[in-house]
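First the structure, in the form of structure tokens, and then the observations on it.
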Amino acid sequence: MGTDQPLTLEQAAKRSKELREQLISYSHEYYVEDQPTVEDHVYDRLYQELVDIETEFPDLITSDSPTQRVGGKILEGFEKVTHDVPMYSLNDGFSKGDIYAFDERVQKLAGQQVSYCCELKIDGLAISLKYVDGDFVQGATRGDGTVGENITENLKTVKSIPLKLKKPVSIEVRGECYMPKQSFVNLNKEREEAGKDVFANPRNAAAGSLRQLDSAITAKRNLSTFLYAVADFGPMEAETQFDALEELSEIGLRTNPEKTLCKDIDEVWAYIEAYHEKREKLPYEIDGIVIKVNDFHVQDELGFTVKAPRWAIAYKFPPEEAETVIENIEWTIGRTGVVTPTAVMTPVRVAGTTVSRASLHNVDFINMKGIRLNDHVIIYKAGDIIPEVSQVLLDKRGEDSKEFEAPTHCPVCNSELVHLDEEVALRCINPKCPAQIKEGLSHFVSRNAMNIDGLGPRVLEQMFDKELVSDVADLYFLTEEQLMTLDKIKEKSAHNIYTAIAASKENSVERLIFGLGIRHVGAKAAKVLAEYFGDLRTISQADKETIVALDSIGDIIADSLVTYFENEEVHELLDEFEKAGVNLTYKGLRSEQLEDVESPFKDKTVVLTGKLEKYTREAAKEKIESLGGKVTGSVSKKTDIVVAGEEAGSKLTKAQDLGVSVWTEDQMVEALENSHF
Ligand code: IVH
């Protein structure tokens with residue numbers, strides 16, 4: 001890429017080493033430190049360069065290369081692993097009394113006042129990672145504590161697990177592998193739309209993802225880890241749990257930043273109460289707090305019982321559940337025609353909000369839980385966000401309990417519902433079903449798609465019902481007068497909507513591709529397609545072989561695209577877009593173009609501060625980013641350049657303190673003018 005001269009083996013070895021080091025460092029900043037310093041496209045470009053070199057010179061592939069994380073090795077089963085040091089479990093506490101009683105026991109046995117290291121109890125799966133001379137060699141599940149399963153291939157795909165430590169130490173560490181709340185929500189949404197079973201909570205989703213025999217599936221699941229213990233202290237210097245966590249972090253392992261040292265049990269209780277409050281806002285699920293005697297010497301004195309250490313306890317939060325009654329089951333049609341049952345319940349408060357609806361996912365789910373109308377049920381929030389029915393209270397079932405009836409016909413267009421292939425979901429397969437079209441319109445205007453403001457579901461619904469639009473292209477033929485015929489839309493909002501629709505015509509085509517709602521084609525795939533093919537017409541004519549050859553596009557997406565574009569009506573839709581003047585081309589930089597950029601901003605992190613005269617902030621940001629730089633809001637030691645306009649304040653001072661290079665606006669303008677492709 002970029003250069004036409006083939007690399008010599010020596011050049012390739014040097015360049016691939018540089019790329020590997022750079023990529024590992026970016027990935028560490030992103031996945032371990034949660035402090036990304038470059039934009040995705042910068043990473044992607046370097047990654048692709050490394051893939052290209054490794055394809056040409058396979059002998060240069062190293063086991064710690066970031067390209068080795070995509071998985072794909074398919075196992076027949078998991079081997080057993082005997083843990084050298086058993087993986088203990090923890091004793092649980094459920095009340096303030098339990099925690100104070102634990103402290104009393106500890107003090108009595110230790111014969112002194114002790115301090116505690118408090119940590120979050122991450123709700124995932126316990127794992128053990130083995131490193132030899134800094135290399136990741138084995139990862140295992142806890143199993144029964146003595147014998148677990150070898151899941152090395154799957155754990156290699158988890159980006160926060162370093163394949164090589166920052167120091168060449170041999171060490172076995174323990175921690176939790178989990179799925180972040182947002183990833184869980186996205187995964188379930190995707191599965192529901194695809195007619196598959198959903199996971200009950202992030203923990204089950206993480207477990208299911210680690211149990212895959214095909215590690216390529218695990219790789220797609222966006223798992224993460226926090227490490228919290230060392231199995232054998234060989235290379236460690238720390239004498240306390242708190243310092244051990246710091247030491248783990250120094251060698252490159254991800255540890256949880258919320259740990260706190262508490263000098264007595266009152267402070268421990270305050271920590272528990274504080275995190276009970278904060279729990280909902282964390283991006284991952286926790287089910288309690290782990291309290292550990294901080295000093296390792298005291299831990300040794302206290303020792304273990306058969307099952308658990310005497311020096312630690314897990315405080316379990318009371319479950320955030322509530323009881324309510326199923327009043328009705330509604331059946332709604334999604335964008336892909338999947339029919340989803342939703343329970344309408346007597347409103348009840350759970351984990352901070354009032355809940356009155358919960359998805360029941362599909363008929364199998366309702367049958368499995370044995371849910372009937374008027375039943376009393378327990379509900380909870382999966383991933384602390386999504387209300388779910390956990391169980392029916394059978395002993396409260398009354399005379400009025402009634403079997404539900406699954407619809408046989410679409411509640412909206414009345415066509416017969418079907419089960420496709422092995423799907424658990426019922427589907428309406430009428431492409432003209434109004435419900436699907438309305439959902440499709442909502443998706444088309446949504447933020448990651450065409451990003452058209454002012455078109456909420458109600459406005460779209462009216463447009464459809466009044467026959468102003470029957471497909472997404474019709475939006476581009478609406479007049480301001482027509483918009484004013486809608487309820488509550490006066491001149492000003494009609495004008496705003498009209499302008500927003502018109503502005504979206506200029507979008508780079510990946511937004512349109514995503515907005516079309518082609519099955520399995522997410523925003524990321526849309527970007528890959530747009531970047532490679534350059535315009536929508538070319539994509540619509542591409543054959544499966546060409547599509548599937550693209551990085552991160554698999555069989556399922558390729559098949560779905562080909563089937564989609566086989567439809568004559570789709571080509572008519574594209575004609576309509578073209579007639580309306582909607583852009584069908586990719587406007588971003590292609591990776592190989594970025595390759596050729598010569599600019600002082602390339603791969604640099606820039607902060608703009610103070611008043612700029614010649615550019616608006618937005619325009620300067622766009623320009624710098626188009627040259628492969630990244631513009632962020634705050635100055636840190638990772639910032640490369642601070643551009644300080646008039647009246648620059650604290651950001652300038654901070655840059656000076658940190659020794660970051662400071663430019664005037666004129667210097668920036670000059671550098672922009674001197675940059676070229
Ligand atoms: S320490 C010997 N620390 O909770 C000590 N465990 O109920 C071993 N867990 O199996 C565990 N977060 O899977 C520890 N910060 C944390 C934890 C944690 C979650 C899990 C772990 C363990 C279970 C015990």
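Order determines the names: the first chain of the structure tokens is A, the second B, and so forth; residues in each chain are numbered 1 upward, and ligands are numbered 1 upward as they are shown.
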
Check your understanding: Neighbours of His520 (chain A) within 8 Å (only C-alpha atoms; same-chain residues fewer than 2 positions away dropped), as a PyMOL selection string?
Key -> chain A and resi 518+522+556-557+560

Practice item. Pick out each residue of region 52-142 of chain A that DSSP on the backbone tags as helix (DSSP H, G or I); I need them as a list in words. Key: Asp52, Ile53, Glu54, Thr55, Glu56, Pro58, Asp59, Leu60, Pro66, Thr67, Gln68, Arg69, Lys96, Gly97, Asp98, Ile99, Tyr100, Ala101, Phe102, Asp103, Glu104, Arg105, Val106, Gln107, Lys108, Leu109 and Ala110 of chain A

Dump of N, CA and C atoms for the selected residues, as a compact mmCIF listing (two decimals), in the first residue's frame:
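result-v9.txt, written as the output of this step:
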```
# COMPACT_ATOMS: atom_id res chain seq x y z
N ASP A 52 -0.88 -6.69 5.53
CA ASP A 52 -0.31 -6.84 4.18
C ASP A 52 1.11 -7.39 4.24
N ILE A 53 1.91 -6.85 5.16
CA ILE A 53 3.30 -7.33 5.26
C ILE A 53 3.31 -8.80 5.70
N GLU A 54 2.46 -9.11 6.70
CA GLU A 54 2.45 -10.49 7.20
C GLU A 54 1.94 -11.48 6.15
N THR A 55 1.05 -11.01 5.27
CA THR A 55 0.55 -11.90 4.22
C THR A 55 1.69 -12.22 3.26
N GLU A 56 2.50 -11.21 2.99
CA GLU A 56 3.60 -11.44 2.05
C GLU A 56 4.76 -12.19 2.70
N PRO A 58 4.89 -14.42 5.75
CA PRO A 58 4.25 -15.07 6.91
C PRO A 58 5.23 -15.43 8.02
N ASP A 59 6.52 -15.59 7.68
CA ASP A 59 7.48 -15.94 8.72
C ASP A 59 7.67 -14.82 9.73
N LEU A 60 7.24 -13.62 9.36
CA LEU A 60 7.42 -12.49 10.27
C LEU A 60 6.32 -12.40 11.34
N PRO A 66 -0.87 -8.13 16.91
CA PRO A 66 -2.31 -7.84 17.06
C PRO A 66 -3.17 -8.57 16.03
N THR A 67 -2.56 -9.00 14.92
CA THR A 67 -3.34 -9.72 13.91
C THR A 67 -3.70 -11.12 14.39
N GLN A 68 -3.08 -11.56 15.46
CA GLN A 68 -3.35 -12.91 15.96
C GLN A 68 -4.56 -12.95 16.90
N ARG A 69 -5.28 -11.82 16.98
CA ARG A 69 -6.39 -11.77 17.92
C ARG A 69 -7.75 -12.02 17.29
N LYS A 96 -24.99 -5.39 56.84
CA LYS A 96 -23.98 -4.65 57.58
C LYS A 96 -23.46 -5.52 58.73
N GLY A 97 -24.39 -6.24 59.36
CA GLY A 97 -24.02 -7.13 60.46
C GLY A 97 -22.98 -8.15 60.02
N ASP A 98 -23.18 -8.75 58.83
CA ASP A 98 -22.23 -9.76 58.33
C ASP A 98 -20.84 -9.15 58.15
N ILE A 99 -20.79 -7.91 57.68
CA ILE A 99 -19.50 -7.28 57.40
C ILE A 99 -18.77 -6.93 58.70
N TYR A 100 -19.52 -6.43 59.69
CA TYR A 100 -18.88 -6.09 60.98
C TYR A 100 -18.45 -7.37 61.71
N ALA A 101 -19.24 -8.46 61.55
CA ALA A 101 -18.87 -9.73 62.19
C ALA A 101 -17.58 -10.27 61.56
N PHE A 102 -17.46 -10.09 60.25
CA PHE A 102 -16.25 -10.53 59.54
C PHE A 102 -15.04 -9.78 60.11
N ASP A 103 -15.18 -8.46 60.29
CA ASP A 103 -14.09 -7.65 60.81
C ASP A 103 -13.69 -8.11 62.22
N GLU A 104 -14.70 -8.45 63.01
CA GLU A 104 -14.40 -8.88 64.37
C GLU A 104 -13.58 -10.17 64.37
N ARG A 105 -14.01 -11.11 63.51
CA ARG A 105 -13.27 -12.39 63.39
C ARG A 105 -11.84 -12.13 62.97
N VAL A 106 -11.68 -11.27 61.96
CA VAL A 106 -10.34 -10.99 61.42
C VAL A 106 -9.45 -10.40 62.52
N GLN A 107 -9.98 -9.40 63.24
CA GLN A 107 -9.18 -8.74 64.27
C GLN A 107 -8.76 -9.70 65.37
N LYS A 108 -9.70 -10.59 65.71
CA LYS A 108 -9.42 -11.55 66.77
C LYS A 108 -8.29 -12.49 66.34
N LEU A 109 -8.39 -13.01 65.12
CA LEU A 109 -7.37 -13.94 64.63
C LEU A 109 -6.03 -13.25 64.42
N ALA A 110 -6.08 -11.99 63.94
CA ALA A 110 -4.84 -11.28 63.63
C ALA A 110 -4.24 -10.66 64.88
```

Check your understanding: Between A:Glu388, A:Asp603, A:Glu330, A:Glu267, which is the closest to Pro407 (chain A) once you count only C-alpha atoms?
Key -> A:Glu330

Review point. Distance CA of Lys466 (chain A)-CA of Gly454 (chain A), one decimal place?
Key: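 Separation between CA of Lys466 (chain A) and CA of Gly454 (chain A): 17.8 Å.
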
**Study point:** Point-to-point distance from CA of Lys167 (chain A) to CA of Ile122 (chain A), Å rounded to tenths
**Key:**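 So the two atoms, CA of Lys167 (chain A) and CA of Ile122 (chain A), lie 26.5 Å apart.
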
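Ranking A:Ile24, A:Ile437, A:Cys117, A:Ala503 by their shortest atom-to-atom distance to ligand 1, with only C-alpha atoms and all ligand atoms included, puts A:Cys117 first.
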
Point to revise | Close residues to ligand 1 using only C-alpha atoms and all ligand atoms, limit 9 Å, as a ChimeraX atom specification | key: /A:86-92,118-127,142,145,174-177,226-229,231,256,259,286-292,304,308-309,311-314

Exercise for review: Using DSSP on the backbone coordinates, identify the residues of region 256-427 of chain A assigned to strand (DSSP E); present them as a PyMOL selection string.
Suggested key: chain A and resi 260-262+286-293+312-316+321-333+338-350+353-359+376-382+386-392+417-418+426-427

Practice item. Go ahead and compute the interatomic distance for CA of Phe365 (chain A) and CA of Gly195 (chain A), in Å to one decimal. Key: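 Computing the Euclidean distance for CA of Phe365 (chain A) and CA of Gly195 (chain A) yields 12.1 Å.
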
**Study point:** For Leu652 (chain A), the nearest of the candidates A:Val607, A:Leu486, A:Ala449, A:Ala270, counting only C-alpha atoms
**Key:**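 Of all the options, A:Val607 lies closest to Leu652 (chain A).
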
Point to revise | Spatial neighbours of region 408-419 of chain A, 7 Å, only C-alpha atoms, chain gap at least 4 places, as a list of chain:residue names | key: A:Glu423, A:Ala425, A:Leu426, A:Arg427, A:Cys428, A:Asn430, A:Cys433, A:Pro434, A:Ala435

Please, could you write that set of residues out with C-alpha atoms as a CSV table (one decimal), in the first residue's frame?
```csv
chain,number,residue,atom,x,y,z
A,423,GLU,CA,-35.4,-19.2,14.2
A,425,ALA,CA,-38.8,-15.7,16.3
A,426,LEU,CA,-42.0,-15.3,14.4
A,427,ARG,CA,-41.7,-13.1,11.4
A,428,CYS,CA,-43.8,-11.0,9.1
A,430,ASN,CA,-44.3,-8.9,3.8
A,433,CYS,CA,-45.8,-4.2,5.9
A,434,PRO,CA,-46.4,-0.7,7.2
A,435,ALA,CA,-44.9,-1.5,10.6
```
